[in-house]
Amino acid sequence: MEKKTNKRSWLVGWVVGLVLLVGAMPAMAYTYGAYVGSSDMTGALSAVASTDGSTGITTTNIHTNNWVGDTLTLNWEITKDSSNLYTYNYTFTTTGAPDLSHIIIEVTDWTQTCAYPDLGGGSLALYSSTSAGASNPGMPSEIDGIKFGTGTISFTSYNAPVWGNFYAKGAVEGAWNTTFSADGEYLIARPDGGPNPSVPIPGALWLLGSGFGALLIGRRKKKQA
């Protein structure tokens, strides 16, 4: 009878541990401004552009020549060398017209010019829907960023990647990630204002390990008794 009770207790412990583990698993949504994990240093945001925010990329509908219904894709690949210098590579593509006029990759602080040894032809500034002759139609809010006139981008920075925004313009149309400056699934990896800190172990995983440890100690004591 005692052995059956021990087995039942051990089984309950496993079930509780699995529940805690599932609760600790990250959701699809990302936290805006949070550091990007190593598994997301290469990634992409790709979606059919819509005007109502129902997809991952939102676009304007100012002219008949627009991106509505086209698939817009922003790929990124980020690497770090032995001197902690990051190389940021992006590629923006669209399945329809208009062609890209410019694209803005968000940064945390555009005045940190010394943190960008090579801007790759980009321009650091504070951008908004009204800046530079209202050249960013529909941009939800102003952002610090690097502006490029091409869809193939490469630059370097000592700032580690975090989750953030992009904005693209084609002709008179604008497009951006739907969860602009907010937590959600539709964010991109972009430079922050500082180095990447160590990532703590989630509390639920610590509890899971502690629970299994306690179960093993309990079983050992019972066998000795």
# chains A, B, ... in the order shown; residues from 1 in each chain; ligands from 1
call {"tool": "closest_atom_pairs", "arguments": {"of": "region 80-175 of chain A", "to": "region 182-187 of chain A", "cutoff": "9 Å", "atoms": "only C-alpha atoms", "output": "tab-separated table"}}
result
residue	atom	partner	partner_atom	distance
A:Trp163	CA	A:Leu187	CA	5.8
A:Gly164	CA	A:Leu187	CA	5.4
A:Asn165	CA	A:Leu187	CA	5.9
A:Phe166	CA	A:Leu187	CA	8.1
call {"tool": "write_last_selection", "arguments": {"atoms": "N, CA and C atoms", "output": "mmCIF file, in the first residue's frame"}}
result
data_model
loop_
_atom_site.group_PDB
_atom_site.id
_atom_site.type_symbol
_atom_site.label_atom_id
_atom_site.label_comp_id
_atom_site.auth_asym_id
_atom_site.auth_seq_id
_atom_site.Cartn_x
_atom_site.Cartn_y
_atom_site.Cartn_z
ATOM 1 N N TRP A 163 13.472 43.977 -29.253
ATOM 2 C CA TRP A 163 12.288 43.955 -30.118
ATOM 3 C C TRP A 163 11.771 45.372 -30.332
ATOM 4 N N GLY A 164 11.490 45.703 -31.605
ATOM 5 C CA GLY A 164 11.046 47.062 -31.920
ATOM 6 C C GLY A 164 10.324 47.162 -33.252
ATOM 7 N N ASN A 165 10.446 48.328 -33.895
ATOM 8 C CA ASN A 165 9.620 48.675 -35.053
ATOM 9 C C ASN A 165 10.409 48.866 -36.345
ATOM 10 N N PHE A 166 9.650 48.846 -37.437
ATOM 11 C CA PHE A 166 10.169 49.326 -38.722
ATOM 12 C C PHE A 166 9.072 50.121 -39.407
#
call {"tool": "residues_around", "arguments": {"residues": "Arg190 (chain A)", "least_positions_apart": "3", "cutoff": "9 Å", "atoms": "only C-alpha atoms", "output": "PyMOL selection string"}}
result
chain A and resi 36+76+88+105-108+160-166
call {"tool": "select_by_dssp", "arguments": {"residues": "region 12-207 of chain A", "states": "helix (DSSP H, G or I)", "output": "ChimeraX atom specification"}}
result
/A:12-24,38-40,113-115,131-134,203-207
call {"tool": "write_last_selection", "arguments": {"atoms": "N, CA and C atoms", "output": "compact mmCIF listing (two decimals), in the first residue's frame"}}
result
# COMPACT_ATOMS: atom_id res chain seq x y z
N VAL A 12 1.81 12.58 -9.27
CA VAL A 12 1.22 13.91 -9.05
C VAL A 12 2.29 14.98 -9.18
N GLY A 13 3.48 14.67 -8.65
CA GLY A 13 4.59 15.62 -8.76
C GLY A 13 4.97 15.90 -10.20
N TRP A 14 4.97 14.86 -11.02
CA TRP A 14 5.26 15.03 -12.44
C TRP A 14 4.22 15.91 -13.12
N VAL A 15 2.94 15.67 -12.82
CA VAL A 15 1.86 16.45 -13.43
C VAL A 15 1.99 17.92 -13.05
N VAL A 16 2.22 18.19 -11.76
CA VAL A 16 2.39 19.57 -11.29
C VAL A 16 3.58 20.22 -11.97
N GLY A 17 4.67 19.45 -12.11
CA GLY A 17 5.87 19.98 -12.76
C GLY A 17 5.61 20.34 -14.21
N LEU A 18 4.87 19.48 -14.92
CA LEU A 18 4.56 19.76 -16.32
C LEU A 18 3.69 20.99 -16.47
N VAL A 19 2.74 21.17 -15.56
CA VAL A 19 1.88 22.37 -15.59
C VAL A 19 2.72 23.62 -15.41
N LEU A 20 3.66 23.57 -14.47
CA LEU A 20 4.54 24.71 -14.23
C LEU A 20 5.42 24.98 -15.44
N LEU A 21 5.89 23.92 -16.07
CA LEU A 21 6.74 24.08 -17.24
C LEU A 21 6.00 24.72 -18.39
N VAL A 22 4.77 24.27 -18.64
CA VAL A 22 3.95 24.85 -19.70
C VAL A 22 3.69 26.33 -19.41
N GLY A 23 3.45 26.64 -18.15
CA GLY A 23 3.22 28.04 -17.77
C GLY A 23 4.44 28.90 -17.98
N ALA A 24 5.62 28.28 -17.93
CA ALA A 24 6.86 29.04 -18.10
C ALA A 24 7.24 29.21 -19.56
N SER A 38 19.12 34.47 -28.50
CA SER A 38 20.04 34.00 -29.54
C SER A 38 19.32 33.29 -30.67
N SER A 39 18.20 32.62 -30.37
CA SER A 39 17.47 31.88 -31.40
C SER A 39 16.72 32.80 -32.35
N ASP A 40 16.58 34.07 -31.99
CA ASP A 40 15.85 35.03 -32.83
C ASP A 40 16.78 36.03 -33.49
N THR A 113 25.49 58.43 -31.83
CA THR A 113 26.19 58.22 -33.09
C THR A 113 27.47 57.40 -32.93
N CYS A 114 28.13 57.52 -31.77
CA CYS A 114 29.38 56.79 -31.54
C CYS A 114 29.16 55.28 -31.42
N ALA A 115 27.92 54.86 -31.21
CA ALA A 115 27.61 53.43 -31.07
C ALA A 115 27.43 52.75 -32.42
N SER A 131 7.65 64.70 -40.23
CA SER A 131 9.04 65.12 -40.43
C SER A 131 9.43 65.04 -41.90
N ALA A 132 10.41 65.85 -42.28
CA ALA A 132 10.97 65.86 -43.64
C ALA A 132 9.88 65.98 -44.69
N GLY A 133 9.03 66.98 -44.53
CA GLY A 133 7.98 67.21 -45.52
C GLY A 133 6.91 66.15 -45.54
N ALA A 134 6.58 65.64 -44.36
CA ALA A 134 5.54 64.61 -44.22
C ALA A 134 5.82 63.40 -45.12
N GLY A 203 11.18 31.73 -13.16
CA GLY A 203 10.86 31.25 -11.82
C GLY A 203 10.15 29.91 -11.81
N ALA A 204 9.31 29.68 -12.80
CA ALA A 204 8.56 28.43 -12.83
C ALA A 204 9.49 27.24 -13.07
N LEU A 205 10.53 27.45 -13.88
CA LEU A 205 11.49 26.37 -14.11
C LEU A 205 12.26 26.06 -12.84
N TRP A 206 12.58 27.10 -12.05
CA TRP A 206 13.26 26.89 -10.78
C TRP A 206 12.37 26.09 -9.83
N LEU A 207 11.07 26.42 -9.81
CA LEU A 207 10.13 25.69 -8.96
C LEU A 207 10.01 24.23 -9.41
call {"tool": "select_by_dssp", "arguments": {"residues": "region 66-117 of chain A", "states": "strand (DSSP E)", "output": "compact mmCIF listing (two decimals) with C-alpha atoms, in the first residue's frame"}}
result
# COMPACT_ATOMS: atom_id res chain seq x y z
CA THR A 71 3.03 40.32 -49.09
CA LEU A 72 5.66 42.48 -47.42
CA THR A 73 8.66 40.77 -45.84
CA LEU A 74 11.48 42.09 -43.68
CA ASN A 75 14.23 39.53 -43.03
CA TRP A 76 17.03 40.10 -40.52
CA GLU A 77 20.29 38.42 -39.58
CA ILE A 78 22.33 39.69 -36.65
CA THR A 79 25.81 38.52 -35.73
CA LYS A 80 28.31 39.51 -33.03
CA TYR A 86 26.99 43.58 -33.89
CA THR A 87 26.39 43.47 -37.62
CA TYR A 88 22.74 44.06 -38.55
CA ASN A 89 21.59 42.81 -41.98
CA TYR A 90 18.06 43.38 -43.29
CA THR A 91 16.28 42.68 -46.57
CA PHE A 92 12.90 44.20 -47.41
CA THR A 93 10.82 42.75 -50.27
CA THR A 94 7.29 43.14 -51.58
CA HIS A 102 12.83 54.27 -48.05
CA ILE A 103 12.77 52.19 -44.88
CA ILE A 104 13.42 53.13 -41.24
CA ILE A 105 14.80 50.66 -38.69
CA GLU A 106 14.08 51.82 -35.15
call {"tool": "atom_distance", "arguments": {"atom1": "CA of Ile57 (chain A)", "atom2": "CA of Met139 (chain A)"}}
result
12.2 Å
call {"tool": "residues_around", "arguments": {"residues": "Asp99 (chain A)", "least_positions_apart": "5", "cutoff": "9 Å", "atoms": "only C-alpha atoms", "output": "list in words"}}
result
Thr94, Lys169, Gly170 and Ala171 of chain A
call {"tool": "write_last_selection", "arguments": {"atoms": "N, CA and C atoms", "output": "PDB file, in the first residue's frame"}}
result
ATOM      1  N   THR A  94       8.746  43.082 -51.419  1.00  0.00           N
ATOM      2  CA  THR A  94       7.291  43.140 -51.577  1.00  0.00           C
ATOM      3  C   THR A  94       6.903  42.436 -52.872  1.00  0.00           C
ATOM      4  N   LYS A 169       8.243  53.018 -46.785  1.00  0.00           N
ATOM      5  CA  LYS A 169       7.432  53.869 -47.658  1.00  0.00           C
ATOM      6  C   LYS A 169       7.671  53.491 -49.110  1.00  0.00           C
ATOM      7  N   GLY A 170       6.567  53.429 -49.866  1.00  0.00           N
ATOM      8  CA  GLY A 170       6.636  53.200 -51.305  1.00  0.00           C
ATOM      9  C   GLY A 170       5.715  54.185 -51.984  1.00  0.00           C
ATOM     10  N   ALA A 171       6.262  55.032 -52.865  1.00  0.00           N
ATOM     11  CA  ALA A 171       5.483  56.118 -53.480  1.00  0.00           C
ATOM     12  C   ALA A 171       4.862  56.972 -52.375  1.00  0.00           C
TER      13      ALA A 171
END
call {"tool": "residues_around", "arguments": {"residues": "Gly96 (chain A)", "least_positions_apart": "5", "cutoff": "10 Å", "atoms": "only C-alpha atoms", "output": "VMD selection string"}}
result
chain A and resid 65 to 72
call {"tool": "residues_around", "arguments": {"residues": "Ala125 (chain A)", "least_positions_apart": "2", "cutoff": "7 Å", "atoms": "only C-alpha atoms", "output": "PyMOL selection string"}}
result
chain A and resi 110+123+127+144-146
